[in-house]
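Enquirer: I have a structure I would like to understand better, so I am pasting it below and will then ask my questions one at a time.
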Amino acid sequence: MSEAILPGSTIGVLGSGQLGRMLAIEARRLGYRVHVFSPDSDTPTGQVADLEVKSSYDDLDAVAEFAKQIDVVTFEFENIPIDTINVVDRFTPVYPVGNVLHTTQHRIREKNFLQTAGIPVTPFREIRSTEDVQAIQEGELPGVLKTAAWGYDGKGQVKVESIEDLEAAWNELNCEEAVLERFVDFSDELSVVAARGRDEAIVFYGPMVNTHCNHILDLSVTPTSFPPSVVQEAIELTRTILTELEVIGVLCVEFFLRTDGKLLVNELAPRPHNSGHLTVDAHLTCQFEQQLRAVCGLPLGSAAQIRPAAMANLLGDVWQQGTPDWLQALAMDGLKLHLYGKQDARVGRKMGHLTVLADSPAEAAEKALVARRALQMKHGE
Ligand code: AMP
């Protein structure tokens with residue numbers, strides 16, 4: 001095993017959104033320097049990094065220059081081209097290793113990996129041509145047609161009820177490869193975030209119970225009230241996935257809990273996850289510090305939870321009536337506000353989140369929703 005990368009060293013981050021920002025904040029707290037690479041400037045990560053490099057991921061000379069100046073590289077966005085990762089890898093170690101990225105950035109590869117590892121997944125069919133579409137039987141619907149690559153937050157997916165819908169959706173998505181998933185009759189969506197160190201130790205957060213709005217995560221709460229058998233199974237499936245994929249870093253597993261009590265894996269994210277943002281305030285060591293510790297070869301920290309917590313996302317929608325009333329929310333006991341430094345508050349864009357700690361998960365969830373509503377009210381209303 002290579003030597004640990006100690007405080008004082010320089011971490012490189014590919015991708016410059018809020019996940020990189022929160023990683024950079026943890027890295028700087030621990031005395032590391034942070035360089036970030038992305039096609040943008042004045043980014044959420046760049047604002048807190050030592051150095052922000054603006055360049056295309058396809059500019060492999062710029063990628064090589066970036067890589068030469070740092071001690072270890074990680075990414076905060078899984079759609080980084082594999083060629084970019086391969087160039088970085090020539091100069092400096094990258095974690096999680098490129099193979100993890102290769103598997104998880106493509107739904108067909110990801111599902112085939114999971115099935116081979118014996119992990120239950122949503123029943124699916126691979127779609128690459130009109131012939132594949134025509135081979136689908138009415139009995140396999142309703143379903144969700146999803147592009148194999150580049151999808152996130154519900155983008156690149158269409159619900160289909162009939163064969164006609166499916167044909168229209170295949171034309172609409174206009175991609176080379178897709179998966180048709182059976183529509184799952186789930187009672188809940190949950191996630192487990194886990195970190196695996198270079199010494200192969202694994203720590204877990206959750207499960208978190210997640211509610212989505214327009215396919216975007218809205219609220220995450222933990223601990224949950226699922227039966228211990230469901231919690232244990234979610235953790236064990238996550239352990240198998242991190243071990244089989246040989247992840248060094250953080251990975252999130254998103255699950256559907258079917259109405260008959262069976263867990264299915266929906267998808268994997270090979271990085272800290274939105275549903276793990278509450279770990280920043282509610283756990284002894286947060287998901288971002290674990291990512292740093294794992295990729296640097298340090299021992300992982302305790303993932304113990306301090307208090308029940310709920311996290312509510314703040315999308316650009318919250319800004320549509322004017323600047324949110326921060327004072328109202330900040331006056332609430334147990335509330336922590338996180339803003340990502342983004343200027344343009346577009347509808348659906350993740351601008352920040354708030355986490356509330358309380359005596360019970362239900363109380364935390366209630367307070368988080370009340371606080372978010374309060375942001376959109378004027379003083380005295
Ligand atoms: P994804 O981007 O695949 O995580 O999908 C975003 C959201 O769409 C999920 O969190 C679910 O709420 C919903 N969804 C996706 N796939 C399915 C499915 N096969 N059955 C039912 N709902 C789904």
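Ligands are numbered from 1 in the order shown, chains are lettered A, B, ... in the order of the structure tokens, and residues start at 1 in each chain.
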Pick out the residues sitting within 6 Å of region 185-188 of chain A, and hand them over as a PyMOL selection string; count only C-alpha atoms, and ignore anything fewer than 3 positions along from it in its own chain.
Expert: chain A and resi 256-259
Enquirer: Restrict the selected residues to N, CA, C and O atoms and save them as a PDB file, in the first residue's frame.
Expert:
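Output file again.pdb follows:
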```pdb
ATOM      1  N   PHE A 256     -34.805   1.209  -3.607  1.00  0.00           N
ATOM      2  CA  PHE A 256     -36.268   1.239  -3.504  1.00  0.00           C
ATOM      3  C   PHE A 256     -36.637   0.173  -2.486  1.00  0.00           C
ATOM      4  O   PHE A 256     -36.109  -0.946  -2.546  1.00  0.00           O
ATOM      5  N   LEU A 257     -37.544   0.504  -1.566  1.00  0.00           N
ATOM      6  CA  LEU A 257     -38.120  -0.515  -0.687  1.00  0.00           C
ATOM      7  C   LEU A 257     -39.504  -0.816  -1.231  1.00  0.00           C
ATOM      8  O   LEU A 257     -40.394   0.050  -1.203  1.00  0.00           O
ATOM      9  N   ARG A 258     -39.661  -2.028  -1.779  1.00  0.00           N
ATOM     10  CA  ARG A 258     -40.944  -2.389  -2.387  1.00  0.00           C
ATOM     11  C   ARG A 258     -42.016  -2.544  -1.327  1.00  0.00           C
ATOM     12  O   ARG A 258     -41.718  -2.802  -0.159  1.00  0.00           O
ATOM     13  N   THR A 259     -43.272  -2.462  -1.748  1.00  0.00           N
ATOM     14  CA  THR A 259     -44.367  -2.581  -0.782  1.00  0.00           C
ATOM     15  C   THR A 259     -44.373  -3.961  -0.107  1.00  0.00           C
ATOM     16  O   THR A 259     -44.870  -4.110   0.995  1.00  0.00           O
TER      17      THR A 259
END
```
Enquirer: Can you tell me which residues sit at most 10 Å away from ligand 1, counting only C-alpha atoms and all ligand atoms, written as an NGL selection string?
Expert: :A and (107 or 121-124 or 142-147 or 151-159 or 179-186 or 188-190 or 210-217 or 254-256 or 258 or 264-269)
Enquirer: Determine, counting only C-alpha atoms, which protein, DNA and RNA residues have an atom within 12 Å of an atom of Glu236 (chain A); residues of the same chain fewer than 3 positions away are not included. Present the result as a PyMOL selection string.
Expert: chain A and resi 118-119+192+194+202-204+207+229-233+239-243+253+263
Enquirer: Keeping all heavy atoms, export the residues of the selection given above as a short mmCIF file (atom, residue, chain, number, x, y, z; two decimals), in the first residue's frame.
Expert:
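Output file selection_12.cif is given in full below:
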```cif
data_model
loop_
_atom_site.label_atom_id
_atom_site.label_comp_id
_atom_site.auth_asym_id
_atom_site.auth_seq_id
_atom_site.Cartn_x
_atom_site.Cartn_y
_atom_site.Cartn_z
N GLY A 118 -24.67 -10.50 -7.29
CA GLY A 118 -25.79 -11.07 -6.54
C GLY A 118 -26.65 -10.04 -5.84
O GLY A 118 -27.36 -10.34 -4.87
N ILE A 119 -26.60 -8.79 -6.31
CA ILE A 119 -27.36 -7.70 -5.68
C ILE A 119 -28.70 -7.55 -6.41
O ILE A 119 -28.71 -7.48 -7.65
CB ILE A 119 -26.58 -6.36 -5.81
CG1 ILE A 119 -25.16 -6.48 -5.28
CG2 ILE A 119 -27.35 -5.21 -5.19
CD1 ILE A 119 -25.01 -6.52 -3.80
N VAL A 192 -27.89 4.44 1.50
CA VAL A 192 -26.81 4.25 2.47
C VAL A 192 -25.58 4.89 1.84
O VAL A 192 -25.28 4.65 0.67
CB VAL A 192 -26.54 2.76 2.77
CG1 VAL A 192 -25.31 2.60 3.66
CG2 VAL A 192 -27.76 2.12 3.43
N ALA A 194 -21.51 5.15 2.23
CA ALA A 194 -20.43 4.41 2.91
C ALA A 194 -19.08 4.89 2.42
O ALA A 194 -18.96 5.39 1.29
CB ALA A 194 -20.58 2.92 2.67
N ILE A 202 -14.56 -0.21 6.37
CA ILE A 202 -15.75 0.44 5.80
C ILE A 202 -16.58 1.04 6.93
O ILE A 202 -16.76 0.41 7.97
CB ILE A 202 -16.63 -0.55 5.00
CG1 ILE A 202 -15.80 -1.28 3.93
CG2 ILE A 202 -17.80 0.18 4.33
CD1 ILE A 202 -16.61 -2.24 3.05
N VAL A 203 -17.08 2.26 6.73
CA VAL A 203 -18.03 2.87 7.67
C VAL A 203 -19.30 3.23 6.90
O VAL A 203 -19.25 3.48 5.69
CB VAL A 203 -17.46 4.12 8.37
CG1 VAL A 203 -16.28 3.78 9.26
CG2 VAL A 203 -17.09 5.20 7.36
N PHE A 204 -20.41 3.25 7.62
CA PHE A 204 -21.72 3.45 6.97
C PHE A 204 -22.48 4.59 7.63
O PHE A 204 -22.39 4.79 8.84
CB PHE A 204 -22.58 2.18 7.14
CG PHE A 204 -21.93 0.96 6.56
CD1 PHE A 204 -21.12 0.15 7.37
CD2 PHE A 204 -22.12 0.61 5.24
CE1 PHE A 204 -20.51 -0.99 6.85
CE2 PHE A 204 -21.51 -0.53 4.71
CZ PHE A 204 -20.71 -1.32 5.52
N PRO A 207 -29.44 3.75 7.00
CA PRO A 207 -30.04 4.40 5.85
C PRO A 207 -30.72 5.74 6.17
O PRO A 207 -31.19 5.95 7.28
CB PRO A 207 -31.08 3.40 5.35
CG PRO A 207 -31.23 2.37 6.40
CD PRO A 207 -30.10 2.47 7.33
N SER A 229 -34.33 -5.59 10.21
CA SER A 229 -33.90 -6.50 9.13
C SER A 229 -33.66 -5.71 7.84
O SER A 229 -32.72 -5.99 7.08
CB SER A 229 -34.94 -7.60 8.90
OG SER A 229 -36.18 -6.99 8.60
N VAL A 230 -34.48 -4.70 7.57
CA VAL A 230 -34.31 -3.89 6.35
C VAL A 230 -33.03 -3.05 6.47
O VAL A 230 -32.23 -2.97 5.53
CB VAL A 230 -35.55 -2.97 6.13
CG1 VAL A 230 -35.29 -1.95 5.03
CG2 VAL A 230 -36.78 -3.81 5.80
N VAL A 231 -32.83 -2.46 7.64
CA VAL A 231 -31.63 -1.64 7.86
C VAL A 231 -30.38 -2.49 7.66
O VAL A 231 -29.44 -2.12 6.94
CB VAL A 231 -31.65 -1.03 9.29
CG1 VAL A 231 -30.34 -0.36 9.63
CG2 VAL A 231 -32.81 -0.04 9.41
N GLN A 232 -30.41 -3.69 8.27
CA GLN A 232 -29.25 -4.56 8.20
C GLN A 232 -28.98 -5.01 6.76
O GLN A 232 -27.84 -5.03 6.30
CB GLN A 232 -29.47 -5.79 9.12
CG GLN A 232 -28.20 -6.45 9.59
CD GLN A 232 -27.15 -5.45 10.10
OE1 GLN A 232 -27.50 -4.49 10.80
NE2 GLN A 232 -25.89 -5.62 9.69
N GLU A 233 -30.05 -5.31 6.04
CA GLU A 233 -29.87 -5.76 4.65
C GLU A 233 -29.30 -4.63 3.80
O GLU A 233 -28.41 -4.85 2.96
CB GLU A 233 -31.20 -6.26 4.08
CG GLU A 233 -30.96 -7.08 2.83
CD GLU A 233 -32.23 -7.36 2.05
OE1 GLU A 233 -33.33 -7.21 2.60
OE2 GLU A 233 -32.08 -7.70 0.85
N ARG A 239 -22.15 -2.99 1.81
CA ARG A 239 -20.81 -3.53 2.09
C ARG A 239 -20.32 -4.38 0.90
O ARG A 239 -19.19 -4.23 0.45
CB ARG A 239 -20.85 -4.40 3.36
CG ARG A 239 -19.46 -4.92 3.78
CD ARG A 239 -19.56 -6.04 4.81
NE ARG A 239 -20.38 -5.72 5.96
CZ ARG A 239 -19.98 -4.98 7.00
NH1 ARG A 239 -18.76 -4.49 7.03
NH2 ARG A 239 -20.80 -4.74 8.01
N THR A 240 -21.23 -5.24 0.40
CA THR A 240 -20.85 -6.11 -0.74
C THR A 240 -20.45 -5.24 -1.94
O THR A 240 -19.45 -5.52 -2.61
CB THR A 240 -22.03 -7.03 -1.11
OG1 THR A 240 -22.39 -7.76 0.05
CG2 THR A 240 -21.67 -7.98 -2.23
N ILE A 241 -21.22 -4.20 -2.21
CA ILE A 241 -20.95 -3.37 -3.39
C ILE A 241 -19.59 -2.68 -3.26
O ILE A 241 -18.76 -2.71 -4.19
CB ILE A 241 -22.09 -2.34 -3.59
CG1 ILE A 241 -23.38 -3.07 -3.97
CG2 ILE A 241 -21.71 -1.29 -4.64
CD1 ILE A 241 -24.64 -2.22 -3.92
N LEU A 242 -19.31 -2.09 -2.11
CA LEU A 242 -18.01 -1.39 -1.96
C LEU A 242 -16.85 -2.37 -2.04
O LEU A 242 -15.80 -2.06 -2.60
CB LEU A 242 -17.96 -0.60 -0.65
CG LEU A 242 -18.46 0.84 -0.81
CD1 LEU A 242 -19.95 0.93 -0.56
CD2 LEU A 242 -17.72 1.80 0.08
N THR A 243 -17.07 -3.56 -1.48
CA THR A 243 -15.99 -4.56 -1.48
C THR A 243 -15.75 -5.09 -2.89
O THR A 243 -14.62 -5.14 -3.36
CB THR A 243 -16.35 -5.71 -0.52
OG1 THR A 243 -16.70 -5.14 0.74
CG2 THR A 243 -15.20 -6.67 -0.33
N VAL A 253 -25.40 4.19 -2.18
CA VAL A 253 -26.31 3.23 -2.81
C VAL A 253 -27.73 3.72 -2.58
O VAL A 253 -28.13 3.94 -1.43
CB VAL A 253 -26.15 1.82 -2.21
CG1 VAL A 253 -27.03 0.83 -2.97
CG2 VAL A 253 -24.69 1.38 -2.23
N LEU A 263 -35.86 -5.06 -0.80
CA LEU A 263 -35.00 -3.94 -1.23
C LEU A 263 -34.45 -4.21 -2.63
O LEU A 263 -34.00 -5.32 -2.92
CB LEU A 263 -33.80 -3.82 -0.28
CG LEU A 263 -34.00 -3.07 1.02
CD1 LEU A 263 -32.73 -3.21 1.88
CD2 LEU A 263 -34.30 -1.60 0.79
#
```
Enquirer: So that I can check the secondary structure, give me every residue of region 86-278 of chain A assigned alpha helix (DSSP H) by backbone DSSP, as a PyMOL selection string.
Expert: chain A and resi 86-91+98-104+107-116+130-134+163-173+228-245
Enquirer: Write out as an NGL selection string the residues lying within 9 Å of Asp42 (chain A), counting only C-alpha atoms and excluding same-chain residues fewer than 6 positions away.
Expert: :A and (52 or 341-342)
